[in-house]
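First up is the structure itself, then whatever we jot down about it.
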Amino acid sequence: LIGQSAGLSSPVLFCACYFFGGGAAARLFLDARQSNRETQLARLSLATLAALGSYVWLANVALNQQSLTLLLLVGTPPLLIVGAQHWKLLDRWPHAIQAAGNLTYSTYLIHFPLQLAAGIGCAAAGVVLPVQSPLFLIAYLAATIIAGRWLFTRFERPAQSWIRRVAL
């Protein structure tokens with residue numbers, strides 16, 4: 001197994017394995033695309049992911065640090081290959097997908113300040129946050145998306161337009 005017994009106890013080595021695994025997946029994908037074998041590679045990748053999922057489920061693998069690391073190292077390249085495919089189903093919703101993609105950076109930037117504000121506000125009010133509640137998670141995600149959308153339309157999109165005007 002991956003871990004100290006395999007000599008990979010350093011986070012730097014883990015990171016290098018993921019980096020090179022992603023690079024190998026990209027190389028496989030590009031080679032398959034050039035040789036018109038992209039569909040075959042996608043099918044093989046889906047089969048690999050299905051086999052990994054079945055193994056974890058059927059063998060009742062305990063998800064400790066070593067088994068999780070191994071699953072990530074083996075499962076990430078096929079997952080990247082499957083994700084890089086052109087999915088015709090997604091062509092039905094290009095505007096929704098673009099809108100969701102536009103919110104990734106703004107929601108990334110705002111999620112921690114929202115957590116911090118909620119934590120400080122609740123601590124000051126003597127209220128315990130119901131962090132185990134699914135409704136609380138839904139409310140937090142909704143607030144993050146709404147705030148991210150506001151940030152995107154009020155700051156990020158105008159900044160992008162300004163940069164494009166100045167740079168071009």
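Ordering of the structure tokens sets the chain letters (A, B, ...), residue numbers begin anew at 1 in every chain, and ligands are numbered from 1 in the order given.
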
Note to self: as a ChimeraX atom specification, please: the residues near Ile110 in chain A (cut-off 12 Å, only C-alpha atoms, same-chain neighbours under 6 positions excluded).
What the structure shows: /A:103-104,116-117,140-141,143-152

Checklist line | Which residue of A:Tyr105, A:Leu72, A:Leu52, A:Ala99 approaches Glu156 in chain A most closely, using only C-alpha atoms | finding: A:Tyr105

Near Leu46 in chain A, within 12 Å and counting only C-alpha atoms, which residues show up once chain neighbours fewer than 2 positions away are dropped, as a compact mmCIF listing (two decimals) with N, CA, C and O atoms, in the first residue's frame?
```txt
# COMPACT_ATOMS: atom_id res chain seq x y z
N THR A 39 -12.72 7.52 -27.59
CA THR A 39 -13.87 6.80 -27.05
C THR A 39 -13.43 5.54 -26.32
O THR A 39 -13.95 5.22 -25.25
N GLN A 40 -12.47 4.83 -26.89
CA GLN A 40 -11.97 3.61 -26.24
C GLN A 40 -11.31 3.94 -24.91
O GLN A 40 -11.50 3.22 -23.92
N LEU A 41 -10.54 5.03 -24.87
CA LEU A 41 -9.89 5.42 -23.62
C LEU A 41 -10.93 5.84 -22.58
O LEU A 41 -10.80 5.50 -21.40
N ALA A 42 -11.96 6.54 -23.02
CA ALA A 42 -13.03 6.94 -22.08
C ALA A 42 -13.73 5.72 -21.51
O ALA A 42 -14.01 5.66 -20.31
N ARG A 43 -13.99 4.73 -22.35
CA ARG A 43 -14.64 3.50 -21.87
C ARG A 43 -13.74 2.75 -20.89
O ARG A 43 -14.22 2.24 -19.87
N LEU A 44 -12.47 2.66 -21.20
CA LEU A 44 -11.53 2.02 -20.29
C LEU A 44 -11.45 2.78 -18.96
O LEU A 44 -11.42 2.16 -17.89
N THR A 48 -12.44 1.41 -15.32
CA THR A 48 -11.49 1.48 -14.20
C THR A 48 -12.16 2.09 -12.97
O THR A 48 -12.03 1.58 -11.85
N LEU A 49 -12.88 3.20 -13.18
CA LEU A 49 -13.57 3.84 -12.07
C LEU A 49 -14.65 2.92 -11.48
O LEU A 49 -14.80 2.84 -10.26
N ALA A 50 -15.38 2.23 -12.35
CA ALA A 50 -16.41 1.29 -11.88
C ALA A 50 -15.77 0.15 -11.09
O ALA A 50 -16.29 -0.27 -10.05
N ALA A 51 -14.64 -0.35 -11.58
CA ALA A 51 -13.94 -1.43 -10.87
C ALA A 51 -13.45 -0.96 -9.51
O ALA A 51 -13.58 -1.69 -8.51
N LEU A 52 -12.90 0.25 -9.45
CA LEU A 52 -12.45 0.78 -8.16
C LEU A 52 -13.61 0.94 -7.19
O LEU A 52 -13.51 0.56 -6.02
N GLY A 53 -14.71 1.51 -7.68
CA GLY A 53 -15.88 1.67 -6.82
C GLY A 53 -16.44 0.35 -6.36
O GLY A 53 -16.80 0.19 -5.18
N GLY A 75 -7.35 6.31 -9.06
CA GLY A 75 -8.60 6.79 -9.62
C GLY A 75 -8.56 8.15 -10.27
O GLY A 75 -9.39 8.45 -11.14
N THR A 76 -7.61 9.00 -9.90
CA THR A 76 -7.59 10.36 -10.45
C THR A 76 -7.32 10.40 -11.95
O THR A 76 -8.05 11.09 -12.67
N PRO A 77 -6.31 9.71 -12.48
CA PRO A 77 -6.11 9.79 -13.94
C PRO A 77 -7.33 9.37 -14.77
O PRO A 77 -7.73 10.12 -15.66
N PRO A 78 -7.99 8.23 -14.47
CA PRO A 78 -9.18 7.92 -15.28
C PRO A 78 -10.31 8.93 -15.08
O PRO A 78 -11.05 9.23 -16.01
N LEU A 79 -10.42 9.48 -13.87
CA LEU A 79 -11.44 10.49 -13.63
C LEU A 79 -11.18 11.74 -14.47
O LEU A 79 -12.11 12.33 -15.04
N LEU A 80 -9.93 12.15 -14.57
CA LEU A 80 -9.58 13.29 -15.41
C LEU A 80 -9.88 13.01 -16.88
O LEU A 80 -10.37 13.88 -17.61
N ILE A 81 -9.58 11.81 -17.32
CA ILE A 81 -9.84 11.44 -18.72
C ILE A 81 -11.34 11.45 -19.01
O ILE A 81 -11.78 11.99 -20.03
N VAL A 82 -12.13 10.90 -18.11
CA VAL A 82 -13.58 10.90 -18.30
C VAL A 82 -14.12 12.33 -18.29
O VAL A 82 -14.96 12.71 -19.11
N GLY A 83 -13.62 13.15 -17.39
CA GLY A 83 -14.07 14.53 -17.31
C GLY A 83 -13.69 15.37 -18.50
O GLY A 83 -14.36 16.35 -18.83
N GLN A 85 -13.82 14.47 -21.58
CA GLN A 85 -14.60 14.10 -22.76
C GLN A 85 -15.60 15.19 -23.11
O GLN A 85 -16.01 15.98 -22.26
```

Margin query: For the helix (DSSP H, G or I) assignment from backbone DSSP, which residues of range 11-140 of chain A qualify? Please present them as number ranges by chain.
Written below: A: 11-34, 38-58, 65-83, 88-92, 94-125, 134-140

Notebook entry, point to check: So, counting only C-alpha atoms, which residue among A:Pro130, A:Arg165, A:Cys122, A:Ala84 is closest to Leu30 in chain A?
Noted result: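 Among A:Pro130, A:Arg165, A:Cys122, A:Ala84, it is A:Ala84 that comes nearest to Leu30 in chain A.
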
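Proximity of A:Leu109, A:Val127, A:Ala26, A:Leu168 to Glu38 in chain A, computed with only C-alpha atoms, is greatest for A:Ala26.
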
Checklist line | Between CA of Cys17 in chain A and CA of Thr69 in chain A - distance in Å to one decimal | finding: 10.2 Å

Check: In Å, with one decimal, what is the gap from CA of Val74 in chain A to CA of Asn60 in chain A?
Finding: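 Computing the Euclidean distance for CA of Val74 in chain A and CA of Asn60 in chain A yields 17.6 Å.
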